[in-house]
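Next up, protein_3.cif (mmCIF, C-alpha atoms):
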```cif
data_target
#
loop_
_atom_site.label_atom_id
_atom_site.label_comp_id
_atom_site.auth_asym_id
_atom_site.auth_seq_id
_atom_site.Cartn_x
_atom_site.Cartn_y
_atom_site.Cartn_z
CA MET A 53 44.70 -0.73 -13.37
CA LEU A 54 42.95 2.54 -14.12
CA THR A 55 42.04 4.77 -11.22
CA LYS A 56 38.49 6.11 -11.06
CA HIS A 57 39.75 9.54 -12.18
CA ASN A 58 41.68 8.06 -15.13
CA SER A 59 38.71 5.91 -16.08
CA GLN A 60 36.40 8.93 -16.15
CA HIS A 61 39.03 10.88 -18.10
CA SER A 62 39.31 8.03 -20.60
CA LEU A 63 35.52 7.82 -20.96
CA ARG A 64 35.30 11.56 -21.56
CA LYS A 65 37.98 11.37 -24.27
CA ASP A 66 36.19 8.44 -25.93
CA LEU A 67 32.89 10.35 -25.96
CA VAL A 68 34.51 13.49 -27.38
CA ALA A 69 36.24 11.36 -30.03
CA GLY A 70 32.91 9.69 -30.85
CA PHE A 71 31.23 13.07 -31.42
CA ILE A 72 34.11 14.18 -33.65
CA GLY A 73 33.96 10.91 -35.60
CA TYR A 74 30.25 11.35 -36.20
CA PHE A 75 30.46 14.98 -37.32
CA THR A 76 33.33 14.20 -39.70
CA THR A 77 31.45 11.31 -41.36
CA VAL A 78 27.72 12.15 -41.24
CA TYR A 79 28.13 13.72 -44.69
CA ILE A 80 28.06 10.14 -46.01
CA VAL A 81 24.27 9.98 -45.50
CA ALA A 82 23.73 12.62 -48.20
CA VAL A 83 26.62 11.60 -50.46
CA ASN A 84 25.99 7.85 -50.45
CA SER A 85 22.22 8.18 -50.92
CA GLN A 86 22.81 10.26 -54.07
CA ILE A 87 25.21 7.65 -55.47
CA LEU A 88 22.76 4.84 -54.60
CA ASN A 89 20.06 6.86 -56.34
CA ASP A 90 22.15 6.61 -59.53
CA ALA A 91 21.93 2.82 -59.04
CA GLY A 92 18.12 2.99 -58.92
CA LEU A 93 17.37 3.34 -55.20
CA PRO A 94 15.08 6.19 -54.06
CA ILE A 95 16.89 8.87 -52.03
CA GLU A 96 14.86 8.12 -48.88
CA ASN A 97 15.73 4.42 -49.05
CA GLY A 98 19.36 5.32 -49.68
CA MET A 99 19.50 7.56 -46.60
CA LEU A 100 17.94 4.90 -44.38
CA ALA A 101 20.24 2.19 -45.78
CA THR A 102 23.32 4.36 -45.19
CA ILE A 103 22.26 5.24 -41.64
CA LEU A 104 21.50 1.63 -40.68
CA ALA A 105 24.67 0.21 -42.25
CA SER A 106 26.81 2.85 -40.51
CA ALA A 107 25.11 2.38 -37.13
CA VAL A 108 25.33 -1.42 -37.24
CA GLY A 109 28.93 -1.29 -38.49
CA CYS A 110 29.95 0.95 -35.60
CA LEU A 111 28.12 -1.35 -33.14
CA ILE A 112 29.98 -4.40 -34.46
CA MET A 113 33.29 -2.55 -34.21
CA ALA A 114 32.45 -1.43 -30.66
CA PHE A 115 31.41 -4.77 -29.22
CA TYR A 116 33.49 -7.23 -31.27
CA ALA A 117 36.79 -5.38 -31.70
CA ASN A 118 36.56 -2.69 -28.98
CA ALA A 119 38.30 -0.31 -31.40
CA PRO A 120 37.51 3.40 -31.93
CA MET A 121 36.79 3.16 -35.65
CA VAL A 122 33.87 4.39 -37.73
CA LEU A 123 32.45 2.09 -40.41
CA ILE A 124 30.54 3.81 -43.19
CA PRO A 125 29.84 2.98 -46.87
CA GLY A 126 33.19 3.45 -48.55
CA MET A 127 33.82 6.23 -51.01
CA GLY A 128 35.02 4.57 -54.18
CA VAL A 129 33.37 1.31 -53.18
CA ASN A 130 29.96 2.97 -53.61
CA ALA A 131 31.03 4.22 -57.04
CA LEU A 132 32.14 0.71 -57.98
CA PHE A 133 28.76 -0.63 -56.89
CA ALA A 134 26.60 2.00 -58.62
CA TYR A 135 28.46 2.67 -61.85
CA SER A 136 30.49 -0.47 -62.62
CA ILE A 137 28.27 -3.22 -61.18
CA VAL A 138 24.66 -2.02 -61.41
CA GLN A 139 24.92 0.33 -64.39
CA GLY A 140 27.97 -1.21 -66.07
CA LYS A 141 26.81 -4.84 -65.85
CA GLY A 142 23.16 -4.00 -66.51
CA MET A 143 21.99 -5.45 -63.20
CA ASP A 144 18.99 -4.35 -61.18
CA PHE A 145 19.50 -3.11 -57.64
CA GLN A 146 18.73 -6.45 -55.93
CA GLU A 147 21.17 -8.28 -58.22
CA GLY A 148 23.79 -5.70 -57.27
CA LEU A 149 23.11 -6.43 -53.61
CA GLY A 150 23.65 -10.11 -54.39
CA VAL A 151 27.12 -9.20 -55.66
CA VAL A 152 27.74 -7.21 -52.46
CA THR A 153 26.73 -10.19 -50.32
CA ILE A 154 28.94 -12.73 -52.09
CA ALA A 155 31.90 -10.30 -52.14
CA ALA A 156 31.45 -9.79 -48.39
CA VAL A 157 31.40 -13.57 -47.86
CA LEU A 158 34.76 -13.79 -49.67
CA PHE A 159 35.97 -10.91 -47.50
CA LEU A 160 34.89 -12.90 -44.41
CA ILE A 161 36.77 -15.97 -45.62
CA THR A 162 40.00 -13.95 -45.83
CA ALA A 163 39.31 -12.63 -42.32
CA PHE A 164 39.02 -16.09 -40.75
CA THR A 165 41.65 -17.98 -42.74
CA LYS A 166 45.25 -17.53 -43.81
CA LEU A 167 44.03 -16.51 -47.27
CA GLY A 168 44.05 -12.85 -46.22
CA ASP A 169 47.75 -12.84 -45.35
CA TRP A 170 48.54 -14.86 -48.47
CA LEU A 171 46.77 -12.36 -50.74
CA LYS A 172 48.29 -9.42 -48.87
CA HIS A 173 51.78 -10.57 -49.83
CA ALA A 174 50.94 -12.06 -53.24
CA ILE A 175 49.38 -8.98 -54.90
CA PRO A 176 51.98 -6.33 -55.78
CA ASP A 177 51.71 -3.06 -53.86
CA SER A 178 51.90 -1.12 -57.12
CA LEU A 179 48.62 -2.67 -58.31
CA LYS A 180 46.92 -2.17 -54.94
CA HIS A 181 47.91 1.49 -54.79
CA SER A 182 47.00 2.09 -58.43
CA ILE A 183 43.46 0.83 -57.78
CA THR A 184 43.12 3.44 -55.04
CA VAL A 185 44.49 6.16 -57.33
CA GLY A 186 42.16 5.08 -60.15
CA LEU A 187 39.20 5.14 -57.77
CA GLY A 188 40.21 8.66 -56.76
CA MET A 189 40.32 9.78 -60.39
CA PHE A 190 36.90 8.19 -60.96
CA LEU A 191 35.36 9.90 -57.91
CA THR A 192 36.78 13.21 -59.08
CA LEU A 193 35.20 12.72 -62.50
CA ILE A 194 31.83 11.89 -60.91
CA GLY A 195 32.12 14.96 -58.68
CA LEU A 196 32.89 17.20 -61.66
CA GLU A 197 29.88 15.76 -63.52
CA LYS A 198 27.50 16.12 -60.57
CA GLY A 199 28.50 19.76 -60.21
CA GLY A 200 28.03 20.45 -63.92
CA LEU A 201 31.68 21.45 -64.17
CA VAL A 202 32.24 19.00 -67.02
CA VAL A 203 29.69 17.68 -69.51
CA ARG A 204 29.72 15.45 -72.57
CA GLY A 205 31.19 17.44 -75.44
CA GLU A 206 29.89 17.79 -78.96
CA TYR A 207 33.34 17.28 -80.48
CA SER A 208 35.07 15.61 -77.52
CA LEU A 209 34.24 13.13 -74.81
CA ILE A 210 34.27 15.80 -72.10
CA THR A 211 34.15 19.56 -72.16
CA LEU A 212 33.66 22.34 -69.63
CA GLY A 213 30.15 23.05 -68.42
CA ASN A 214 28.47 26.40 -69.07
CA PRO A 215 30.31 28.80 -66.71
CA SER A 216 27.34 31.17 -66.62
CA SER A 217 24.81 28.58 -65.43
CA ALA A 218 23.56 28.74 -61.85
CA ILE A 219 24.56 25.12 -61.24
CA VAL A 220 28.18 25.65 -62.30
CA ILE A 221 28.48 28.93 -60.36
CA THR A 222 27.05 27.25 -57.25
CA SER A 223 29.41 24.29 -57.61
CA LEU A 224 32.46 26.50 -58.04
CA LEU A 225 31.64 28.69 -55.05
CA THR A 226 31.05 25.59 -52.91
CA LEU A 227 34.26 23.98 -54.17
CA PHE A 228 36.31 27.09 -53.27
CA GLY A 229 34.78 27.06 -49.79
CA ALA A 230 35.43 23.33 -49.42
CA VAL A 231 39.07 23.66 -50.47
CA PHE A 232 39.57 26.50 -47.95
CA LEU A 233 37.98 24.53 -45.10
CA PHE A 234 39.95 21.40 -45.95
CA ALA A 235 43.25 23.24 -46.32
CA ARG A 236 42.68 24.86 -42.93
CA ASN A 237 41.88 21.41 -41.47
CA VAL A 238 38.62 22.69 -39.98
CA PRO A 239 36.91 19.92 -37.96
CA GLY A 240 33.84 18.57 -39.75
CA ASN A 241 34.87 20.31 -42.97
CA PHE A 242 32.78 18.07 -45.23
CA LEU A 243 29.65 18.60 -43.11
CA ILE A 244 30.25 22.36 -43.13
CA THR A 245 30.80 22.20 -46.90
CA MET A 246 27.35 20.61 -47.35
CA ILE A 247 25.72 23.28 -45.19
CA ILE A 248 27.49 26.14 -47.00
CA GLY A 249 26.76 24.57 -50.39
CA THR A 250 23.07 24.26 -49.52
CA ILE A 251 22.91 27.91 -48.44
CA ILE A 252 24.64 29.04 -51.65
CA ALA A 253 22.18 26.93 -53.66
CA TYR A 254 19.33 28.74 -51.92
CA PHE A 255 20.64 32.13 -52.99
CA THR A 256 21.30 30.99 -56.57
CA GLY A 257 17.75 29.62 -56.80
CA ILE A 258 18.48 25.94 -57.41
CA LEU A 259 17.57 24.63 -53.96
CA LYS A 260 14.50 22.50 -53.46
CA GLY A 261 12.53 22.60 -50.20
CA PRO A 262 12.91 20.12 -47.33
CA GLY A 263 11.50 16.67 -47.93
CA ASP A 264 9.08 14.78 -45.77
CA GLY A 265 11.89 12.74 -44.27
CA ILE A 266 11.84 8.98 -43.97
CA ALA A 267 8.39 7.52 -43.42
CA LEU A 268 9.66 4.52 -41.50
CA SER A 269 6.48 2.49 -42.01
CA GLU A 270 6.83 2.86 -45.78
CA GLN A 271 10.55 2.10 -46.13
CA GLU A 272 12.23 -1.20 -46.76
CA TRP A 273 14.35 -1.93 -43.69
CA ILE A 274 15.65 -5.22 -45.03
CA PHE A 275 16.40 -6.09 -48.66
CA MET A 276 16.62 -9.56 -50.11
CA PRO A 277 19.64 -9.68 -52.43
CA SER A 278 19.04 -11.51 -55.69
CA PHE A 279 21.37 -14.37 -56.63
CA SER A 280 19.62 -15.14 -59.91
CA GLY A 281 22.83 -14.63 -61.88
CA ILE A 282 25.12 -16.58 -59.57
CA GLY A 283 25.63 -19.28 -62.20
CA GLU A 284 26.76 -16.75 -64.79
CA PHE A 285 30.35 -15.73 -65.41
CA GLY A 286 29.37 -12.04 -65.55
CA PHE A 287 28.06 -12.19 -61.98
CA TRP A 288 31.41 -13.41 -60.70
CA MET A 289 33.24 -10.80 -62.76
CA ALA A 290 31.28 -8.23 -60.76
CA VAL A 291 31.99 -9.98 -57.44
CA PHE A 292 35.70 -10.30 -58.16
CA PRO A 293 36.73 -6.60 -58.38
CA LEU A 294 34.48 -5.64 -55.45
CA ALA A 295 36.01 -8.33 -53.23
CA ILE A 296 39.55 -7.26 -54.19
CA VAL A 297 38.83 -3.59 -53.40
CA LEU A 298 37.10 -4.46 -50.11
CA ILE A 299 39.88 -6.74 -48.91
CA PHE A 300 42.84 -4.51 -49.72
CA GLU A 301 41.21 -1.19 -48.78
CA ASN A 302 40.27 -2.51 -45.34
CA MET A 303 43.68 -4.11 -44.85
CA GLY A 304 45.42 -0.82 -45.51
CA LEU A 305 43.03 1.41 -43.58
CA ILE A 306 42.81 -0.76 -40.47
CA HIS A 307 46.56 -1.39 -40.34
CA GLY A 308 47.30 2.33 -40.59
CA GLN A 309 44.70 3.31 -38.00
CA LEU A 310 45.87 0.75 -35.46
CA ASP A 311 49.44 1.97 -36.01
CA MET A 312 48.23 5.43 -34.95
CA LEU A 313 46.50 3.85 -31.96
CA ASN A 314 49.51 1.65 -31.17
CA GLN A 315 47.16 -1.33 -30.75
CA GLN A 316 48.06 -3.75 -33.58
CA ASN A 317 46.81 -6.57 -31.33
CA LYS A 318 43.29 -5.51 -32.35
CA TYR A 319 43.96 -5.99 -36.08
CA LYS A 320 42.32 -9.41 -36.54
CA LYS A 321 39.14 -8.52 -34.68
CA SER A 322 38.89 -5.12 -36.37
CA TYR A 323 39.35 -6.70 -39.82
CA ARG A 324 36.71 -9.32 -39.01
CA ALA A 325 34.33 -6.66 -37.69
CA SER A 326 34.70 -4.83 -41.01
CA ALA A 327 33.88 -8.03 -42.88
CA PHE A 328 30.76 -8.71 -40.80
CA SER A 329 29.65 -5.11 -41.32
CA ALA A 330 30.14 -5.39 -45.09
CA LEU A 331 28.02 -8.55 -45.13
CA SER A 332 25.12 -6.76 -43.43
CA CYS A 333 25.09 -4.09 -46.14
CA GLY A 334 23.65 -6.45 -48.75
CA PHE A 335 20.53 -6.71 -46.58
CA PHE A 336 20.30 -3.04 -45.65
CA GLY A 337 20.40 -2.00 -49.31
CA THR A 338 23.72 -0.23 -49.72
CA SER A 339 27.25 -0.71 -50.98
CA PRO A 340 29.66 -2.16 -48.40
CA THR A 341 31.04 -0.29 -45.41
CA VAL A 342 34.76 0.11 -44.80
CA SER A 343 36.81 1.39 -41.90
CA SER A 344 36.66 5.03 -42.92
CA ALA A 345 39.76 7.17 -43.29
CA GLU A 346 38.04 9.59 -40.87
CA SER A 347 38.74 7.06 -38.11
CA ALA A 348 42.09 8.83 -37.94
CA ALA A 349 40.24 11.89 -36.58
CA VAL A 350 38.69 9.72 -33.86
CA ILE A 351 42.09 8.33 -32.87
CA ALA A 352 43.75 11.75 -33.07
CA SER A 353 41.08 12.97 -30.62
CA GLU A 354 42.39 10.35 -28.18
CA GLY A 355 39.62 7.83 -28.66
CA LYS A 356 41.01 4.55 -27.35
CA THR A 357 38.16 2.03 -27.08
CA GLY A 358 34.93 0.87 -28.66
CA ARG A 359 32.98 3.36 -26.55
CA ALA A 360 33.74 5.96 -29.23
CA SER A 361 32.26 3.65 -31.90
CA LEU A 362 29.24 2.93 -29.71
CA LEU A 363 28.44 6.64 -29.42
CA MET A 364 28.82 7.02 -33.18
CA ALA A 365 26.30 4.20 -33.68
CA VAL A 366 23.80 6.00 -31.42
CA LEU A 367 24.32 9.31 -33.21
CA PHE A 368 23.95 7.72 -36.66
CA THR A 369 20.66 6.17 -35.55
CA GLY A 370 19.43 9.60 -34.45
CA THR A 371 20.25 10.95 -37.92
CA ILE A 372 16.98 9.38 -39.12
CA PHE A 373 15.19 12.40 -37.65
CA LEU A 374 17.35 14.81 -39.65
CA THR A 375 16.57 13.32 -43.06
CA PRO A 376 14.07 16.04 -44.14
CA TRP A 377 16.98 18.52 -44.09
CA ILE A 378 19.54 16.07 -45.46
CA SER A 379 17.28 15.48 -48.48
CA MET A 380 17.59 19.19 -49.30
CA VAL A 381 21.34 18.93 -49.95
CA PRO A 382 21.82 19.50 -53.71
CA SER A 383 24.32 17.70 -55.91
CA THR A 384 26.30 20.95 -56.14
CA ALA A 385 27.05 20.60 -52.42
CA ILE A 386 28.05 16.95 -52.84
CA SER A 387 30.37 17.36 -55.84
CA PRO A 388 33.18 19.22 -53.98
CA ILE A 389 33.34 16.42 -51.41
CA LEU A 390 33.74 13.82 -54.16
CA ILE A 391 36.47 15.92 -55.79
CA ILE A 392 38.44 16.36 -52.54
CA VAL A 393 38.09 12.70 -51.54
CA GLY A 394 39.33 11.83 -55.01
CA ALA A 395 42.33 14.12 -54.54
CA LEU A 396 43.14 12.39 -51.24
CA MET A 397 43.02 8.96 -52.85
CA VAL A 398 45.26 10.05 -55.72
CA GLN A 399 48.03 10.80 -53.20
CA ASN A 400 48.70 7.03 -53.13
CA ILE A 401 50.52 7.48 -56.43
CA LYS A 402 53.65 8.36 -54.43
CA GLU A 403 53.70 4.74 -53.20
CA ILE A 404 54.06 3.41 -56.76
CA PRO A 405 57.68 2.93 -57.97
CA LEU A 406 57.27 4.96 -61.16
CA ASP A 407 60.97 4.53 -61.98
CA GLN A 408 60.42 0.77 -62.50
CA LEU A 409 58.69 0.20 -65.83
CA SER A 410 57.43 -3.29 -64.93
CA GLU A 411 55.50 -1.81 -61.98
CA ALA A 412 54.69 1.64 -63.36
CA LEU A 413 53.15 0.69 -66.73
CA PRO A 414 50.45 -1.72 -65.42
CA ALA A 415 49.72 0.73 -62.58
CA PHE A 416 49.38 3.57 -65.10
CA LEU A 417 46.89 1.54 -67.15
CA ILE A 418 44.71 0.94 -64.08
CA ILE A 419 44.84 4.63 -63.12
CA VAL A 420 43.83 5.97 -66.53
CA MET A 421 41.48 3.21 -67.67
CA ILE A 422 39.22 3.33 -64.61
CA PRO A 423 37.96 6.86 -65.35
CA PHE A 424 38.36 6.63 -69.15
CA THR A 425 36.25 3.45 -69.42
CA TYR A 426 33.90 4.65 -66.64
CA SER A 427 34.39 1.19 -65.16
CA ILE A 428 36.50 0.27 -62.15
CA ALA A 429 36.41 -3.41 -63.08
CA ASP A 430 37.59 -2.80 -66.66
CA GLY A 431 40.33 -0.47 -65.48
CA MET A 432 41.59 -3.11 -63.05
CA ALA A 433 41.47 -5.69 -65.83
CA PHE A 434 43.80 -3.69 -68.10
CA GLY A 435 46.41 -3.36 -65.37
CA PHE A 436 46.28 -6.95 -64.13
CA ILE A 437 46.51 -8.33 -67.69
CA ALA A 438 49.41 -6.02 -68.53
CA TYR A 439 51.37 -6.89 -65.37
CA PRO A 440 52.54 -10.43 -66.35
CA ILE A 441 53.02 -9.35 -69.99
CA VAL A 442 55.43 -6.56 -69.00
CA LYS A 443 57.24 -8.82 -66.51
CA PHE A 444 57.80 -11.47 -69.21
CA ALA A 445 58.90 -8.82 -71.72
CA LEU A 446 61.54 -7.55 -69.31
CA GLY A 447 62.67 -11.02 -68.25
CA LYS A 448 61.31 -10.57 -64.71
CA GLN A 449 58.86 -13.47 -64.73
CA LYS A 450 60.33 -14.77 -61.45
CA GLU A 451 58.70 -11.77 -59.73
CA LEU A 452 55.23 -13.02 -60.71
CA THR A 453 53.02 -14.73 -58.15
CA THR A 454 50.36 -17.35 -58.86
CA PRO A 455 47.42 -15.15 -57.74
CA VAL A 456 48.45 -12.33 -60.08
CA VAL A 457 48.67 -14.68 -63.07
CA LEU A 458 45.33 -16.30 -62.21
CA ILE A 459 43.60 -12.92 -61.81
CA ALA A 460 45.05 -11.76 -65.14
CA MET A 461 43.78 -14.93 -66.85
CA VAL A 462 40.29 -14.51 -65.40
CA PHE A 463 40.10 -10.89 -66.59
CA LEU A 464 41.40 -11.93 -70.02
CA VAL A 465 38.81 -14.71 -70.33
CA GLU A 466 36.08 -12.22 -69.37
CA PHE A 467 37.23 -9.85 -72.15
CA VAL A 468 37.21 -12.71 -74.69
CA ILE A 469 33.73 -13.88 -73.65
CA ARG A 470 32.43 -10.33 -73.82
CA SER A 471 33.88 -9.79 -77.31
CA ILE A 472 32.32 -13.06 -78.54
CA GLY A 473 28.99 -12.02 -77.04
CA HIS A 474 29.06 -8.84 -79.06
#
```

Would you mind writing the structure in this file as structure tokens?
Amino acid sequence: MLTKHNSQHSLRKDLVAGFIGYFTTVYIVAVNSQILNDAGLPIENGMLATILASAVGCLIMAFYANAPMVLIPGMGVNALFAYSIVQGKGMDFQEGLGVVTIAAVLFLITAFTKLGDWLKHAIPDSLKHSITVGLGMFLTLIGLEKGGLVVRGEYSLITLGNPSSAIVITSLLTLFGAVFLFARNVPGNFLITMIIGTIIAYFTGILKGPGDGIALSEQEWIFMPSFSGIGEFGFWMAVFPLAIVLIFENMGLIHGQLDMLNQQNKYKKSYRASAFSALSCGFFGTSPTVSSAESAAVIASEGKTGRASLLMAVLFTGTIFLTPWISMVPSTAISPILIIVGALMVQNIKEIPLDQLSEALPAFLIIVMIPFTYSIADGMAFGFIAYPIVKFALGKQKELTTPVVLIAMVFLVEFVIRSIGH
């Protein structure tokens, strides 16, 4: 039993950890709203959706799982939503939210049944890690584009941006600052990067003034996802990759964070809390939340219980009053964050057995085809289809599992239907 002194000490550590968790993740309000804007949602709506989803996610984690984790819209998941589902599939925003809702329902099913454990062991680690690496490459590409560092070339797909333009100069200066802060492991480095990048943009003359903030009476607090395409194969081919990414990303993140915390007994409730939080996102108007990698900072700060998550929920809610200044943050201050997050995700490549051709080749196809096709779903399709082909070619068909073969067949059918449609 805790003494009164120990209890107060524990509370103080939880509150400090909660503040650190908030300051290391509040950057997501600016970053996610810009990505949602590319999917057709006004910046103000995107900021409110991000704030509400993060606050509610942290509340669910606090009260249901009593774990010190921060749930925010996932980097990579938001890119999948905006660029592969809404833009790539030609959906409107509400239809995209319908995909989010159904994917979250599938996520919930894995959280409350044995299907989650079955999938965890049935899908090869090489494919799971390659999806993360491919997402990292894709985020890096988006960051380079947003900063004007690469543009569409006249004689090539991509070429360097104009190094003398104010946008490129601002992006480069901000990127150098971001790399320095990150390398030095400065607390809240992404938030500081946004502030520095905004100041640099002011001096280079590309900064717009503060906005009016969120007029709460004029904003949509709740969205109604559209399921008009639920009877179409294309709808499910959008649901499928999102559900796979959600399930495996949360499995990996939560397992690793609870290992740090030495509280694996909280895994089931934490995983379920993440699924409930993801489901709420379809109605708040954003891509799904995940247990953020920054939760490691909360745990490293000796956060032990859901009190840290509860404080983060309160602080995220208060962020609504900061939106006039958040809306000032230019894309040149966002792009370095995307690039660095991408670099972090690419580190998963060390988990792929590159010396085994039957694992390395399909993983390689996923990694390169996600950014090259500008579609996370298509990149995943290439790798999953190649996996059983390579295994058969090398006489290793006994290593195949039923889910992998079924997923490969679904992706192959989708390619055939799409080619016939064209």

I'd like the neighbourhood of Ser216 in chain A as an MDAnalysis selection string, where a residue qualifies if any of its atoms comes within 12 Å (using all atoms listed in the file), though same-chain residues fewer than 5 positions away should be ignored.
chainID A and resid 200:201 221:224 256

The PyMOL selection byres ((chain A and resi 349) around 8) on the file shown: which residues, as a PDB file with C-alpha atoms, keeping the file's coordinate frame?
```pdb
ATOM      1  CA  ALA A  69      36.240  11.360 -30.030  1.00  0.00           C
ATOM      2  CA  ILE A  72      34.110  14.180 -33.650  1.00  0.00           C
ATOM      3  CA  GLY A  73      33.960  10.910 -35.600  1.00  0.00           C
ATOM      4  CA  THR A  76      33.330  14.200 -39.700  1.00  0.00           C
ATOM      5  CA  GLU A 346      38.040   9.590 -40.870  1.00  0.00           C
ATOM      6  CA  SER A 347      38.740   7.060 -38.110  1.00  0.00           C
ATOM      7  CA  ALA A 348      42.090   8.830 -37.940  1.00  0.00           C
ATOM      8  CA  VAL A 350      38.690   9.720 -33.860  1.00  0.00           C
ATOM      9  CA  ILE A 351      42.090   8.330 -32.870  1.00  0.00           C
ATOM     10  CA  ALA A 352      43.750  11.750 -33.070  1.00  0.00           C
ATOM     11  CA  SER A 353      41.080  12.970 -30.620  1.00  0.00           C
TER      12      SER A 353
END
```

Residues of range 351-419 of chain A that have any atom at most 9 Å from an atom of range 163-180 of chain A: could you tabulate them with the shortest-distance atom pair and the distance in Å to one decimal, using all atoms listed in the file, ordered by chain and increasing number, as CSV?
```
residue,atom,partner,partner_atom,distance
A:Ile401,CA,A:Ser178,CA,8.7
A:Glu403,CA,A:Ser178,CA,7.3
A:Ile404,CA,A:Ser178,CA,5.0
A:Pro405,CA,A:Ser178,CA,7.1
A:Glu411,CA,A:Ser178,CA,6.1
A:Ala412,CA,A:Ser178,CA,7.4
A:Pro414,CA,A:Leu179,CA,7.4
A:Ala415,CA,A:Leu179,CA,5.6
A:Ile418,CA,A:Leu179,CA,7.8
```

Do you know which residues the PyMOL selection byres ((chain A and resi 127-136) around 6) returns on this file, as a PDB file with C-alpha atoms, in the coordinates of the input?
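Saved result, selection28.pdb, follows:
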```pdb
ATOM      1  CA  ALA A  91      21.930   2.820 -59.040  1.00  0.00           C
ATOM      2  CA  GLY A 126      33.190   3.450 -48.550  1.00  0.00           C
ATOM      3  CA  ILE A 137      28.270  -3.220 -61.180  1.00  0.00           C
ATOM      4  CA  VAL A 138      24.660  -2.020 -61.410  1.00  0.00           C
ATOM      5  CA  GLN A 139      24.920   0.330 -64.390  1.00  0.00           C
ATOM      6  CA  GLY A 140      27.970  -1.210 -66.070  1.00  0.00           C
ATOM      7  CA  LEU A 187      39.200   5.140 -57.770  1.00  0.00           C
ATOM      8  CA  SER A 339      27.250  -0.710 -50.980  1.00  0.00           C
ATOM      9  CA  SER A 427      34.390   1.190 -65.160  1.00  0.00           C
TER      10      SER A 427
END
```

For the file shown, what are the residues hit by the PyMOL selection byres ((chain A and resi 289) around 10), laid out as an MDAnalysis selection string?
chainID A and resid 137 141 151 284:288 290:294 429:430 462:463 466

Tell me, as a PyMOL selection string, which residues lie within 8 Å of range 85-87 of chain A, counting all atoms listed in the file; anything in the same chain fewer than 2 positions away does not count.
chain A and resi 80-83+89-91+95-99+102+130-131+134+383

Between CA of Leu158 in chain A and CA of Arg470 in chain A - distance in Å to one decimal:
24.5 Å

For each of A:Asn302, A:Ala433, A:Val202, A:Ile459, take the minimum atom-to-atom distance to Ala345 in chain A, counting all atoms listed in the file, then give the residue where this is smallest.
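Comparing A:Asn302, A:Ala433, A:Val202, A:Ile459 against Ala345 in chain A, the winner is A:Asn302.
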
Just give me the gap between CA of Cys333 in chain A and CA of Ala105 in chain A in Å, one decimal is fine.
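Result for CA of Cys333 in chain A versus CA of Ala105 in chain A: 5.8 Å, one decimal.
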
So which one's closest to Asp144 in chain A, A:Pro382, A:Pro440, A:Gly308, A:Pro277? Using all atoms listed in the file, please.
A:Pro277

I'd like the interatomic distance between CA of Val456 in chain A and CA of Ala438 in chain A, to a tenth of an Å.
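Computed distance, CA of Val456 in chain A to CA of Ala438 in chain A, equals 10.6 Å.
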
Residue among A:Ile247, A:Val122, A:Leu331, A:Val78 lying closest to Val152 in chain A, counting only C-alpha atoms:
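For Val152 in chain A, the nearest of the given residues is A:Leu331.
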
Tell me which protein, DNA and RNA residues are within 8 Å of Ile389 in chain A, counting all atoms listed in the file, leaving out same-chain ones fewer than 6 positions away, and put them as a PDB file with C-alpha atoms, in the frame of the given file.
```pdb
ATOM      1  CA  GLY A 195      32.120  14.960 -58.680  1.00  0.00           C
ATOM      2  CA  ALA A 230      35.430  23.330 -49.420  1.00  0.00           C
ATOM      3  CA  PHE A 242      32.780  18.070 -45.230  1.00  0.00           C
ATOM      4  CA  THR A 245      30.800  22.200 -46.900  1.00  0.00           C
TER       5      THR A 245
END
```

Pick the closest to Gly92 in chain A from A:Thr338, A:Val366, A:Ile194, A:Thr250: which is it, counting all atoms listed in the file?
A:Thr338

I want to know what sits within 12 Å of Val398 in chain A, based on all atoms listed in the file, with residues of the same chain fewer than 6 positions away left out; could you give that as a list of chain:residue names?
A:Gly128, A:His181, A:Ser182, A:Ile183, A:Thr184, A:Val185, A:Gly186, A:Leu187, A:Gly188, A:Met189, A:Phe190, A:Leu191, A:Thr192, A:Ile391, A:Ile392, A:Ile404, A:Ile419, A:Val420

All residues 12 Å or closer to Leu310 in chain A, all atoms listed in the file, same chain fewer than 2 positions away omitted, as a PyMOL selection string:
chain A and resi 117-121+302-308+312-323+343+345+347-348+350-352+355-357

Among the residues A:Asn400, A:Thr384, A:Thr162, A:Ser217, the one that comes closest to Ile296 in chain A [using only C-alpha atoms]:
A:Thr162

Given all atoms listed in the file as the counted atoms, nearest of A:Leu88, A:Tyr79, A:Ala114, A:Thr454 to Met364 in chain A:
A:Ala114
